[in-house]
$ cat start-v5.txt   # compact mmCIF, C-alpha atoms and all ligand atoms
# COMPACT_ATOMS: atom_id res chain seq x y z
CA MET W 272 33.45 -2.22 94.13
CA PRO W 273 30.91 -2.35 96.98
CA GLN W 274 29.35 -5.77 97.52
CA PRO W 275 25.60 -5.93 96.71
CA ILE W 276 23.59 -7.33 99.63
CA ALA W 277 19.95 -7.49 100.78
CA THR W 278 19.65 -5.12 103.75
CA LEU W 279 21.65 -2.54 105.68
CA LEU W 280 20.34 -1.28 109.02
CA ASN W 281 22.07 1.85 110.30
CA ALA W 282 21.30 2.27 113.99
CA ARG W 283 22.07 4.87 116.65
CA TRP W 284 22.87 1.98 118.99
CA ILE W 285 23.32 -1.75 118.48
CA VAL W 286 23.17 -4.08 121.49
CA PRO W 287 24.43 -7.46 120.28
CA VAL W 288 23.98 -9.15 123.74
CA GLU W 289 27.13 -11.15 123.02
CA PRO W 290 29.50 -9.92 124.38
CA GLU W 291 27.32 -9.09 127.37
CA GLY W 292 26.92 -5.39 128.05
CA GLN W 293 28.37 -4.19 124.74
CA VAL W 294 26.78 -1.14 123.09
CA LEU W 295 27.92 -0.17 119.58
CA GLU W 296 27.22 3.41 118.52
CA HIS W 297 26.53 4.51 114.93
CA HIS W 298 27.02 1.02 113.59
CA THR W 299 25.42 -0.90 110.74
CA LEU W 300 24.08 -4.42 110.67
CA ALA W 301 24.33 -6.08 107.25
CA ILE W 302 21.91 -8.88 106.26
CA GLN W 303 22.31 -11.34 103.41
CA ASN W 304 20.27 -14.51 102.78
CA GLY W 305 18.37 -14.01 106.04
CA ARG W 306 21.56 -14.06 108.11
CA ILE W 307 23.72 -11.48 109.80
CA LEU W 308 26.65 -10.81 107.50
CA ALA W 309 28.49 -8.18 109.54
CA LEU W 310 28.33 -5.52 112.25
CA LEU W 311 30.54 -2.58 111.45
CA PRO W 312 30.83 1.23 111.77
CA GLN W 313 28.40 3.07 109.49
CA ALA W 314 31.13 4.86 107.53
CA GLU W 315 32.81 1.54 106.78
CA ALA W 316 29.54 -0.14 105.77
CA ALA W 317 28.80 2.66 103.29
CA VAL W 318 32.04 1.88 101.49
CA ARG W 319 31.89 -1.87 101.64
CA TYR W 320 28.25 -2.63 100.75
CA THR W 321 25.41 -1.52 98.54
CA ALA W 322 21.99 -2.76 99.64
CA GLU W 323 18.56 -3.32 98.11
CA ILE W 324 17.03 -1.94 101.31
CA SER W 325 18.76 0.54 103.54
CA LEU W 326 17.12 1.82 106.73
CA ASN W 327 18.20 4.59 109.04
CA LEU W 328 17.23 3.97 112.65
CA ASP W 329 18.49 7.25 114.06
CA ARG W 330 16.77 7.10 117.46
CA HIS W 331 16.74 3.34 117.82
CA VAL W 332 18.43 0.46 119.51
CA LEU W 333 18.82 -2.58 117.30
CA MET W 334 18.91 -5.73 119.41
CA PRO W 335 18.21 -9.46 119.13
CA GLY W 336 14.54 -10.41 119.05
CA LEU W 337 13.15 -11.42 122.42
CA ILE W 338 12.63 -15.13 123.06
CA ASN W 339 9.57 -16.18 125.01
CA ALA W 340 10.86 -19.35 126.70
CA HIS W 341 7.45 -20.54 127.92
CA THR W 342 3.95 -19.86 126.71
CA HIS W 343 0.67 -21.45 125.68
CA ALA W 344 -0.02 -19.19 122.70
CA SER W 345 -3.64 -19.94 121.95
CA MET W 346 -4.68 -19.37 125.58
CA THR W 347 -4.82 -15.70 124.59
CA LEU W 348 -8.47 -16.50 123.85
CA LEU W 349 -8.95 -17.14 127.60
CA ARG W 350 -7.25 -13.90 128.65
CA GLY W 351 -9.08 -12.47 131.65
CA LEU W 352 -11.62 -15.30 131.79
CA ALA W 353 -10.80 -16.17 135.41
CA ASP W 354 -8.56 -14.04 137.58
CA ASP W 355 -7.60 -13.59 141.22
CA LEU W 356 -7.53 -17.31 142.03
CA PRO W 357 -4.81 -19.71 143.24
CA LEU W 358 -3.27 -22.12 140.70
CA MET W 359 -5.29 -25.28 141.38
CA ALA W 360 -8.67 -23.55 141.71
CA TRP W 361 -7.89 -21.52 138.58
CA LEU W 362 -6.91 -24.65 136.63
CA GLN W 363 -9.48 -27.16 137.90
CA ASP W 364 -12.56 -24.94 138.19
CA HIS W 365 -12.05 -22.61 135.23
CA ILE W 366 -9.27 -23.26 132.72
CA TRP W 367 -9.52 -27.04 132.32
CA PRO W 368 -13.34 -26.98 131.96
CA ALA W 369 -13.11 -24.16 129.39
CA GLU W 370 -10.43 -26.06 127.49
CA THR W 371 -12.47 -29.27 127.55
CA ARG W 372 -15.41 -27.45 126.08
CA TRP W 373 -13.72 -25.18 123.54
CA VAL W 374 -10.25 -26.28 122.50
CA ASP W 375 -10.14 -27.62 118.95
CA PRO W 376 -7.99 -26.85 115.89
CA GLU W 377 -9.97 -23.69 115.14
CA PHE W 378 -9.48 -22.37 118.70
CA VAL W 379 -5.73 -23.04 118.45
CA ARG W 380 -5.52 -21.39 115.03
CA ASP W 381 -7.29 -18.19 116.07
CA GLY W 382 -5.66 -18.00 119.50
CA THR W 383 -2.18 -18.56 118.11
CA ARG W 384 -2.71 -15.87 115.49
CA LEU W 385 -3.75 -13.39 118.20
CA ALA W 386 -0.73 -14.39 120.28
CA ILE W 387 1.68 -13.95 117.37
CA ALA W 388 0.23 -10.51 116.59
CA GLU W 389 0.80 -9.49 120.21
CA MET W 390 4.27 -11.02 120.39
CA LEU W 391 5.57 -9.52 117.13
CA ARG W 392 4.25 -6.07 118.08
CA GLY W 393 6.10 -6.44 121.37
CA GLY W 394 9.46 -7.45 119.91
CA THR W 395 9.29 -11.24 120.35
CA THR W 396 10.78 -13.19 117.44
CA CYS W 397 10.65 -16.71 118.89
CA PHE W 398 8.27 -18.46 121.26
CA ASN W 399 8.41 -21.81 123.00
CA ASP W 400 4.91 -23.24 123.04
CA MET W 401 3.11 -25.98 124.94
CA TYR W 402 -0.45 -26.72 123.87
CA PHE W 403 -2.87 -29.07 122.15
CA PHE W 404 -2.95 -29.38 118.36
CA PRO W 405 0.67 -28.25 117.97
CA GLU W 406 0.49 -28.94 114.24
CA VAL W 407 -1.95 -26.03 113.99
CA THR W 408 0.38 -23.80 116.03
CA ALA W 409 3.19 -24.73 113.63
CA THR W 410 1.12 -23.90 110.54
CA VAL W 411 0.09 -20.50 111.89
CA ALA W 412 3.66 -19.69 112.98
CA ARG W 413 4.98 -20.65 109.55
CA ASP W 414 2.38 -18.51 107.78
CA CYS W 415 3.23 -15.52 110.01
CA GLY W 416 7.00 -16.05 109.63
CA ILE W 417 7.80 -16.03 113.35
CA ARG W 418 10.29 -18.54 114.79
CA ALA W 419 8.73 -21.09 117.14
CA CYS W 420 9.62 -24.13 119.15
CA VAL W 421 6.47 -26.22 119.05
CA GLY W 422 5.80 -28.46 122.03
CA LEU W 423 4.98 -32.12 121.43
CA ILE W 424 2.55 -32.26 124.30
CA ALA W 425 1.91 -35.31 126.50
CA LEU W 426 -0.50 -35.95 129.38
CA ASP W 427 -1.75 -39.01 131.25
CA PHE W 428 -5.39 -38.27 130.47
CA PRO W 429 -7.35 -38.09 127.22
CA THR W 430 -8.16 -34.73 125.60
CA ALA W 431 -9.69 -33.60 122.32
CA TYR W 432 -6.18 -33.88 120.86
CA ALA W 433 -5.25 -37.46 121.86
CA ARG W 434 -6.70 -40.44 123.71
CA ASN W 435 -3.59 -41.85 125.38
CA LEU W 436 0.19 -41.57 125.60
CA ASP W 437 0.75 -43.62 122.45
CA GLU W 438 -1.40 -41.25 120.46
CA TYR W 439 0.18 -38.11 121.98
CA LEU W 440 3.63 -39.41 121.11
CA ALA W 441 2.72 -40.73 117.65
CA LYS W 442 1.25 -37.35 116.71
CA GLY W 443 4.24 -35.55 118.20
CA LEU W 444 6.77 -37.67 116.34
CA ALA W 445 4.91 -37.21 113.05
CA LEU W 446 4.93 -33.44 113.57
CA HIS W 447 8.63 -33.46 114.44
CA ALA W 448 9.34 -35.31 111.17
CA ALA W 449 7.14 -32.94 109.16
CA LEU W 450 8.90 -29.84 110.53
CA GLN W 451 12.38 -30.91 109.53
CA ALA W 452 11.92 -28.97 106.28
CA GLU W 453 10.93 -25.74 108.10
CA PRO W 454 13.99 -23.67 109.08
CA ARG W 455 12.10 -21.39 111.50
CA LEU W 456 10.19 -24.16 113.26
CA HIS W 457 11.69 -26.33 115.96
CA THR W 458 10.31 -28.92 118.36
CA ALA W 459 10.59 -29.95 121.99
CA PHE W 460 8.80 -32.65 123.93
CA ALA W 461 6.31 -30.98 126.24
CA PRO W 462 5.08 -33.35 128.96
CA HIS W 463 2.87 -31.04 131.03
CA ALA W 464 4.30 -31.69 134.54
CA PRO W 465 5.52 -34.51 136.81
CA TYR W 466 2.07 -34.57 138.48
CA THR W 467 0.18 -35.03 135.19
CA VAL W 468 2.56 -37.39 133.36
CA SER W 469 3.48 -40.78 134.86
CA ALA W 470 7.02 -41.98 135.51
CA PRO W 471 7.02 -44.64 132.74
CA ALA W 472 5.76 -42.04 130.26
CA LEU W 473 8.47 -39.56 131.30
CA GLU W 474 11.11 -42.24 130.99
CA ARG W 475 9.96 -43.00 127.46
CA ILE W 476 9.92 -39.30 126.56
CA GLY W 477 13.44 -38.93 127.99
CA ARG W 478 14.74 -41.64 125.69
CA LEU W 479 12.97 -40.19 122.64
CA ALA W 480 14.30 -36.70 123.38
CA ALA W 481 17.84 -38.07 123.58
CA ASP W 482 17.39 -39.92 120.28
CA LEU W 483 16.06 -36.85 118.48
CA ALA W 484 18.36 -34.42 120.36
CA ILE W 485 15.51 -32.05 121.22
CA PRO W 486 14.62 -30.37 124.54
CA ILE W 487 12.07 -31.47 127.15
CA HIS W 488 9.88 -28.53 128.13
CA MET W 489 7.94 -29.09 131.36
CA HIS W 490 6.36 -27.26 134.31
CA VAL W 491 8.40 -28.24 137.41
CA HIS W 492 8.03 -27.10 141.04
CA GLU W 493 5.48 -24.39 140.24
CA THR W 494 4.02 -24.19 143.76
CA ALA W 495 4.82 -25.44 147.27
CA ALA W 496 1.51 -27.33 147.43
CA GLU W 497 2.29 -29.20 144.21
CA VAL W 498 5.69 -30.29 145.57
CA ALA W 499 4.17 -31.34 148.94
CA GLN W 500 1.46 -33.40 147.25
CA PHE W 501 4.02 -35.12 145.05
CA VAL W 502 6.19 -35.96 148.07
CA ALA W 503 3.14 -37.36 149.91
CA ALA W 504 2.23 -39.54 146.92
CA HIS W 505 5.66 -40.65 145.72
CA GLY W 506 8.09 -40.15 148.62
CA CYS W 507 10.39 -37.82 146.70
CA ARG W 508 10.41 -34.34 145.24
CA PRO W 509 9.51 -33.97 141.52
CA LEU W 510 13.01 -32.86 140.51
CA GLU W 511 14.46 -35.91 142.26
CA ARG W 512 12.03 -38.09 140.32
CA LEU W 513 13.10 -36.49 137.04
CA GLU W 514 16.72 -37.19 137.92
CA GLN W 515 15.93 -40.86 138.71
CA LEU W 516 14.23 -41.15 135.33
CA GLY W 517 17.23 -39.72 133.48
CA LEU W 518 15.57 -36.42 132.56
CA LEU W 519 17.90 -34.07 134.44
CA SER W 520 20.20 -33.13 131.57
CA PRO W 521 21.11 -30.23 129.24
CA ARG W 522 17.91 -31.08 127.37
CA LEU W 523 15.64 -30.20 130.31
CA LEU W 524 13.91 -26.80 130.32
CA ALA W 525 12.20 -26.66 133.71
CA VAL W 526 9.52 -23.99 133.87
CA HIS W 527 8.72 -21.96 137.04
CA MET W 528 11.01 -23.57 139.66
CA THR W 529 9.69 -21.46 142.55
CA GLN W 530 10.56 -24.18 145.09
CA LEU W 531 14.28 -24.94 145.13
CA GLU W 532 16.61 -26.13 147.85
CA PRO W 533 20.32 -25.25 147.66
CA ALA W 534 21.26 -28.84 146.72
CA GLU W 535 18.73 -28.77 143.87
CA ILE W 536 20.25 -25.59 142.46
CA GLU W 537 23.62 -27.33 142.55
CA ARG W 538 22.21 -30.39 140.75
CA LEU W 539 20.62 -28.24 138.05
CA SER W 540 23.94 -26.52 137.51
CA GLN W 541 25.94 -29.76 137.36
CA ALA W 542 23.44 -31.30 134.95
CA GLY W 543 23.44 -28.26 132.64
CA ALA W 544 19.64 -28.03 132.83
CA HIS W 545 17.81 -24.79 131.98
CA VAL W 546 15.15 -22.83 133.88
CA ALA W 547 12.33 -20.80 132.30
CA HIS W 548 11.42 -18.06 134.76
CA CYS W 549 7.86 -16.68 134.45
CA PRO W 550 7.79 -13.94 137.08
CA GLU W 551 4.41 -12.35 136.32
CA SER W 552 2.52 -15.65 136.16
CA ASN W 553 4.16 -16.70 139.45
CA LEU W 554 3.17 -13.39 141.04
CA LYS W 555 -0.40 -13.39 139.74
CA LEU W 556 -1.09 -16.97 140.87
CA ALA W 557 0.92 -16.37 144.06
CA SER W 558 2.92 -19.48 143.17
CA GLY W 559 6.16 -18.40 144.82
CA PHE W 560 9.47 -16.84 143.82
CA CYS W 561 12.06 -18.40 141.56
CA PRO W 562 15.53 -17.70 143.07
CA THR W 563 16.92 -16.34 139.81
CA ALA W 564 19.94 -14.57 141.28
CA ARG W 565 21.05 -17.75 143.05
CA LEU W 566 20.48 -19.84 139.93
CA ASP W 567 22.43 -17.34 137.85
CA ALA W 568 25.28 -17.26 140.35
CA ALA W 569 25.39 -21.08 140.30
CA GLY W 570 25.79 -21.01 136.53
CA VAL W 571 22.31 -22.26 135.65
CA ASN W 572 21.03 -20.92 132.31
CA VAL W 573 17.90 -18.90 133.18
CA ALA W 574 15.54 -17.84 130.40
CA ILE W 575 12.33 -15.78 130.65
CA GLY W 576 8.78 -16.66 129.63
CA THR W 577 5.38 -15.03 129.91
CA ASP W 578 3.40 -18.26 130.45
CA GLY W 579 -0.05 -18.20 128.85
CA ALA W 580 -2.10 -15.02 128.62
CA ALA W 581 -4.73 -16.57 130.91
CA SER W 582 -2.34 -16.28 133.86
CA ASN W 583 -0.32 -13.15 133.12
CA ASN W 584 -2.42 -11.56 131.33
CA ASP W 585 -0.20 -10.53 128.45
CA LEU W 586 2.64 -11.79 126.27
CA ASP W 587 4.75 -8.68 126.86
CA LEU W 588 8.37 -9.72 127.25
CA PHE W 589 9.59 -6.15 127.79
CA GLY W 590 7.27 -6.01 130.78
CA GLU W 591 8.37 -9.47 131.86
CA LEU W 592 12.07 -8.72 131.77
CA ARG W 593 11.56 -5.60 133.85
CA THR W 594 9.59 -7.63 136.39
CA ALA W 595 12.30 -10.32 136.35
CA ALA W 596 14.98 -7.73 137.10
CA LEU W 597 13.05 -6.02 139.90
CA LEU W 598 11.70 -9.19 141.48
CA GLY W 599 15.09 -10.91 141.31
CA LYS W 600 16.69 -8.06 143.24
CA GLY W 601 13.87 -8.00 145.77
CA VAL W 602 13.98 -11.75 146.38
CA ALA W 603 17.78 -11.70 146.73
CA GLY W 604 17.68 -8.60 148.96
CA ASP W 605 20.53 -7.22 146.86
CA ALA W 606 20.20 -4.37 144.32
CA CYS W 607 23.47 -5.36 142.65
CA VAL W 608 22.37 -8.77 141.41
CA LEU W 609 20.86 -9.33 137.97
CA PRO W 610 22.10 -6.14 136.29
CA ALA W 611 20.20 -4.96 133.20
CA ALA W 612 22.57 -6.58 130.69
CA ARG W 613 22.22 -9.97 132.40
CA VAL W 614 18.42 -9.80 132.38
CA LEU W 615 18.37 -8.77 128.71
CA ARG W 616 20.54 -11.81 128.03
CA MET W 617 18.02 -14.02 129.83
CA ALA W 618 15.26 -12.84 127.48
CA THR W 619 17.41 -13.37 124.37
CA LEU W 620 20.51 -15.57 124.23
CA ASN W 621 19.68 -17.65 127.31
CA GLY W 622 16.28 -18.41 125.80
CA ALA W 623 17.91 -19.53 122.56
CA ARG W 624 20.30 -21.79 124.46
CA ALA W 625 17.49 -23.31 126.49
CA LEU W 626 15.80 -24.30 123.22
CA GLY W 627 19.00 -25.71 121.72
CA LEU W 628 19.14 -22.74 119.33
CA GLY W 629 22.14 -20.92 120.76
CA THR W 630 24.07 -21.05 117.51
CA GLU W 631 21.06 -19.97 115.42
CA THR W 632 19.54 -16.98 117.24
CA GLY W 633 19.54 -14.96 120.48
CA SER W 634 22.40 -12.54 119.75
CA LEU W 635 23.62 -10.37 116.90
CA GLU W 636 26.64 -12.25 115.61
CA PRO W 637 27.74 -12.85 112.01
CA GLY W 638 26.38 -16.15 110.72
CA LYS W 639 23.31 -16.20 112.96
CA ALA W 640 19.77 -15.75 111.64
CA ALA W 641 18.78 -12.09 111.36
CA ASP W 642 16.19 -12.23 114.17
CA LEU W 643 16.15 -8.66 115.44
CA VAL W 644 14.08 -5.76 116.66
CA ALA W 645 14.38 -1.99 116.48
CA VAL W 646 13.26 -0.03 119.54
CA ASP W 647 12.67 3.73 119.34
CA LEU W 648 14.23 5.28 122.45
CA GLY W 649 13.57 8.81 121.19
CA GLN W 650 10.28 9.00 123.11
CA PRO W 651 9.81 11.17 126.19
CA GLU W 652 9.43 8.02 128.30
CA THR W 653 12.96 6.86 127.48
CA GLU W 654 14.84 10.16 127.23
CA PRO W 655 17.56 11.00 128.09
CA VAL W 656 19.57 7.94 127.11
CA TYR W 657 22.65 7.49 129.27
CA HIS W 658 22.73 3.71 129.14
CA PRO W 659 20.68 2.10 126.34
CA ILE W 660 20.61 -1.34 128.01
CA SER W 661 19.28 0.10 131.27
CA GLN W 662 16.69 1.96 129.25
CA LEU W 663 15.57 -1.24 127.52
CA VAL W 664 15.14 -3.11 130.81
CA TYR W 665 13.86 -0.44 133.19
CA ALA W 666 11.99 2.11 131.07
CA THR W 667 11.00 0.78 127.65
CA CYS W 668 7.41 -0.06 126.78
CA ARG W 669 6.63 -2.66 124.11
CA HIS W 670 4.90 -0.05 121.95
CA GLN W 671 8.31 1.47 121.29
CA VAL W 672 9.19 -1.55 119.13
CA THR W 673 8.93 -0.21 115.56
CA ASP W 674 10.37 -3.02 113.42
CA VAL W 675 10.91 -6.75 113.71
CA TRP W 676 12.78 -9.14 111.44
CA VAL W 677 12.90 -12.92 111.58
CA ALA W 678 15.49 -14.60 109.37
CA GLY W 679 15.85 -11.25 107.63
CA GLN W 680 12.13 -10.97 106.79
CA ARG W 681 10.53 -7.76 108.04
CA LEU W 682 7.42 -8.91 109.92
CA LEU W 683 6.72 -5.57 111.61
CA ALA W 684 7.39 -2.44 109.56
CA ASP W 685 6.82 0.90 111.31
CA ARG W 686 4.41 -0.87 113.71
CA ARG W 687 2.49 -2.51 110.82
CA LEU W 688 2.28 -6.32 110.71
CA THR W 689 3.26 -7.48 107.23
CA THR W 690 2.18 -11.15 107.31
CA LEU W 691 -0.95 -11.04 109.45
CA ASP W 692 -4.35 -9.40 109.02
CA LEU W 693 -4.80 -7.66 112.36
CA ASP W 694 -8.44 -6.59 111.83
CA GLU W 695 -9.48 -10.11 110.90
CA THR W 696 -7.55 -11.52 113.87
CA VAL W 697 -9.31 -9.19 116.31
CA ARG W 698 -12.69 -9.85 114.72
CA ARG W 699 -12.29 -13.61 115.16
CA THR W 700 -11.14 -13.08 118.75
CA ARG W 701 -14.32 -11.16 119.53
CA ASP W 702 -16.39 -13.97 118.01
CA TRP W 703 -14.70 -16.40 120.42
CA ARG W 704 -15.39 -14.07 123.31
CA GLU W 705 -19.10 -14.11 122.49
CA LYS W 706 -19.19 -17.90 122.28
CA ILE W 707 -17.14 -18.57 125.41
CA HIS W 708 -18.91 -15.91 127.47
CA ALA W 709 -22.32 -17.27 126.49
CA GLY W 710 -21.10 -20.79 127.37
CA CYS W 711 -19.98 -19.66 130.83
CA ARG W 712 -23.42 -18.21 131.55
CA ALA W 713 -25.32 -21.26 130.23
ZN ZN R 801 2.65 -22.78 131.67
$ encode --input "start-v5.txt" --output "structure tokens"
Amino acid sequence: MPQPIATLLNARWIVPVEPEGQVLEHHTLAIQNGRILALLPQAEAAVRYTAEISLNLDRHVLMPGLINAHTHASMTLLRGLADDLPLMAWLQDHIWPAETRWVDPEFVRDGTRLAIAEMLRGGTTCFNDMYFFPEVTATVARDCGIRACVGLIALDFPTAYARNLDEYLAKGLALHAALQAEPRLHTAFAPHAPYTVSAPALERIGRLAADLAIPIHMHVHETAAEVAQFVAAHGCRPLERLEQLGLLSPRLLAVHMTQLEPAEIERLSQAGAHVAHCPESNLKLASGFCPTARLDAAGVNVAIGTDGAASNNDLDLFGELRTAALLGKGVAGDACVLPAARVLRMATLNGARALGLGTETGSLEPGKAADLVAVDLGQPETEPVYHPISQLVYATCRHQVTDVWVAGQRLLADRRLTTLDLDETVRRTRDWREKIHAGCRA
């Protein structure tokens, strides 16, 4: 007798990411209780299972959902507000003043909803966030069904969210405790950067992260000027400071890392620390180039993030992984480095590992959560298909994502969002645009 299960997805190709480079043809992915039950040839699946829902994806690749390893989701509301500026002028003259004036729980709710709509439509099933009012981000993510790692933010200065370090940490710890009952929501400490969070604060966060066994998500070595200023003020490079404070460990997810000396790459590798590479943000702000091929060769786990939409200006991971592949080759001066399968792994399994979720998501393996996306390659832009993985990295556009599942729940069905009112989301976004634009002119 065939075994009754929830869902069978019959795909032209399945790219499980683990093992790297594997492409299964005419296979079926079986889902039960939100988890991947099996991957097997379609003829075998037809005999072994009977499903409540069975879907034929005849022109599609089924692959793990993309993992956005670094973003500030609600900054979508500031998309395009200030462009064509270097990092510090952009931050100090435009973004920080706008945030001081506008960021509150309502801003975070509406911005996060817009971000999740964009990310789901582009094949992202998990995002690693750093922003104020993370409890609001968590609520919106839960309501939409997407997986998220919510950053417990910390800064040296007061904001609308918290007055001082004690309050940042107390709120963060309360949120961490509250999310223990939410299987799709995870937490990481998110001290903004070594130049905005003091050494004693970082030391305290390092101890708390070890106690709770959660990651530390932080901007590190984003620009040469930032590193030079830190050296002038403290007599050492930021990464060295983090090491002195006990933060250089497998829990550290260092974002950007455009300034790295060979010995630092070696130290990252030895420590088992992770890097979140944000190529388009680094290019747009002219921050520098992360040496991804050298990090990868040294065994450092490199994941990919979009950064916030104010500095990118989108949350398009398909675009980002193509940029990561091309830029990585250009920076290395070697077309053979960072092959397509490796870059796809960066945007999936490496991201999961960086968030401490490597056994839960990031690849299509039995027992893992059914976090997956279907991509229609039967479009003129991606025909003919010789190598599906090359097609995904070098030719696919995010609009070719037709379906998205998180923990087996179909959140995008034939391009339609199932848990989120898109018209209402866009309407609220336009209301914010009117308010913020009028404020800028006042
Ligand atoms: Zn960032």
$ closest_atom_pairs --input "start-v5.txt" --of "chain W" --to "ligand ZN 801 (chain R)" --cutoff "8 Å" --atoms "all atoms listed in the file" --output "Markdown table"
| residue | atom | partner | partner_atom | distance |
| --- | --- | --- | --- | --- |
| W:His341 | CA | R:ZN801 | ZN | 6.5 |
| W:Thr342 | CA | R:ZN801 | ZN | 5.9 |
| W:His343 | CA | R:ZN801 | ZN | 6.4 |
| W:Met401 | CA | R:ZN801 | ZN | 7.5 |
| W:His490 | CA | R:ZN801 | ZN | 6.4 |
| W:Val526 | CA | R:ZN801 | ZN | 7.3 |
| W:Asp578 | CA | R:ZN801 | ZN | 4.7 |
| W:Gly579 | CA | R:ZN801 | ZN | 6.0 |
$ closest_residue --input "start-v5.txt" --among "W:Gly477, W:Gly543, W:Gly382, W:Gly443" --to "Ala412 (chain W)" --atoms "all atoms listed in the file"
W:Gly382
$ residues_near_point --input "start-v5.txt" --point "(10.0, -26.5, 139.1)" --cutoff "10 Å" --atoms "all atoms listed in the file" --output "MDAnalysis selection string"
chainID W and resid 464:465 489:495 497:498 508:510 524:531 546:548 561
$ closest_residue --input "start-v5.txt" --among "W:Gly394, W:Gly601, W:Pro454, W:Pro275" --to "Asp647 (chain W)" --atoms "only C-alpha atoms"
W:Gly394
$ residues_around --input "start-v5.txt" --residues "Ala433 (chain W)" --least-positions-apart "2" --cutoff "12 Å" --atoms "all atoms listed in the file" --output "number ranges by chain"
W: 375, 402-405, 423-431, 435-443
$ atom_distance --input "start-v5.txt" --atom1 "CA of Leu663 (chain W)" --atom2 "CA of Leu592 (chain W)"
9.3 Å
$ closest_residue --input "start-v5.txt" --among "W:Cys711, W:Ala612, W:Ala569, W:Leu473" --to "Glu535 (chain W)" --atoms "only C-alpha atoms"
W:Ala569
$ closest_residue --input "start-v5.txt" --among "W:Thr690, W:Asn281, W:Ser469, W:Gln293" --to "Ala309 (chain W)" --atoms "only C-alpha atoms"
W:Asn281
$ residues_around --input "start-v5.txt" --residues "region 321-325 of chain W" --least-positions-apart "5" --cutoff "12 Å" --atoms "only C-alpha atoms" --output "list in words"
Met272, Pro273, Gln274, Pro275, Ile276, Ala277, Thr278, Leu279, Leu280, Asn281, Ala282, Thr299, Leu300, Ala301, Ile302, Gln303, Gln313, Glu315, Ala316, Gly679, Gln680 and Arg681 of chain W
$ closest_residue --input "start-v5.txt" --among "W:Ala542, W:Gly416, W:Gly506, W:Leu310" --to "Ser520 (chain W)" --atoms "all atoms listed in the file"
W:Ala542
$ build_atoms --input "start-v5.txt" --residues "region 436-446 of chain W" --atoms "N, CA, C and O atoms" --output "PDB file, in the frame of the given file"
ATOM      1  N   LEU W 436      -1.209 -41.945 125.818  1.00  0.00           N
ATOM      2  CA  LEU W 436       0.190 -41.570 125.600  1.00  0.00           C
ATOM      3  C   LEU W 436       0.674 -41.972 124.207  1.00  0.00           C
ATOM      4  O   LEU W 436       1.372 -41.207 123.538  1.00  0.00           O
ATOM      5  N   ASP W 437       0.308 -43.175 123.777  1.00  0.00           N
ATOM      6  CA  ASP W 437       0.750 -43.620 122.450  1.00  0.00           C
ATOM      7  C   ASP W 437       0.315 -42.646 121.369  1.00  0.00           C
ATOM      8  O   ASP W 437       1.085 -42.331 120.461  1.00  0.00           O
ATOM      9  N   GLU W 438      -0.915 -42.174 121.497  1.00  0.00           N
ATOM     10  CA  GLU W 438      -1.400 -41.250 120.460  1.00  0.00           C
ATOM     11  C   GLU W 438      -0.731 -39.876 120.571  1.00  0.00           C
ATOM     12  O   GLU W 438      -0.374 -39.281 119.553  1.00  0.00           O
ATOM     13  N   TYR W 439      -0.558 -39.378 121.813  1.00  0.00           N
ATOM     14  CA  TYR W 439       0.180 -38.110 121.980  1.00  0.00           C
ATOM     15  C   TYR W 439       1.551 -38.213 121.308  1.00  0.00           C
ATOM     16  O   TYR W 439       1.969 -37.336 120.546  1.00  0.00           O
ATOM     17  N   LEU W 440       2.259 -39.305 121.608  1.00  0.00           N
ATOM     18  CA  LEU W 440       3.630 -39.410 121.110  1.00  0.00           C
ATOM     19  C   LEU W 440       3.669 -39.664 119.601  1.00  0.00           C
ATOM     20  O   LEU W 440       4.517 -39.106 118.902  1.00  0.00           O
ATOM     21  N   ALA W 441       2.736 -40.467 119.098  1.00  0.00           N
ATOM     22  CA  ALA W 441       2.720 -40.730 117.650  1.00  0.00           C
ATOM     23  C   ALA W 441       2.472 -39.432 116.886  1.00  0.00           C
ATOM     24  O   ALA W 441       3.151 -39.138 115.892  1.00  0.00           O
ATOM     25  N   LYS W 442       1.529 -38.631 117.376  1.00  0.00           N
ATOM     26  CA  LYS W 442       1.250 -37.350 116.710  1.00  0.00           C
ATOM     27  C   LYS W 442       2.450 -36.409 116.813  1.00  0.00           C
ATOM     28  O   LYS W 442       2.798 -35.708 115.866  1.00  0.00           O
ATOM     29  N   GLY W 443       3.069 -36.410 118.002  1.00  0.00           N
ATOM     30  CA  GLY W 443       4.240 -35.550 118.200  1.00  0.00           C
ATOM     31  C   GLY W 443       5.388 -35.928 117.286  1.00  0.00           C
ATOM     32  O   GLY W 443       6.024 -35.060 116.663  1.00  0.00           O
ATOM     33  N   LEU W 444       5.652 -37.212 117.177  1.00  0.00           N
ATOM     34  CA  LEU W 444       6.770 -37.670 116.340  1.00  0.00           C
ATOM     35  C   LEU W 444       6.497 -37.369 114.858  1.00  0.00           C
ATOM     36  O   LEU W 444       7.412 -36.996 114.118  1.00  0.00           O
ATOM     37  N   ALA W 445       5.242 -37.524 114.450  1.00  0.00           N
ATOM     38  CA  ALA W 445       4.910 -37.210 113.050  1.00  0.00           C
ATOM     39  C   ALA W 445       5.122 -35.722 112.780  1.00  0.00           C
ATOM     40  O   ALA W 445       5.648 -35.333 111.726  1.00  0.00           O
ATOM     41  N   LEU W 446       4.740 -34.877 113.744  1.00  0.00           N
ATOM     42  CA  LEU W 446       4.930 -33.440 113.570  1.00  0.00           C
ATOM     43  C   LEU W 446       6.420 -33.096 113.532  1.00  0.00           C
ATOM     44  O   LEU W 446       6.868 -32.301 112.695  1.00  0.00           O
TER      45      LEU W 446
END
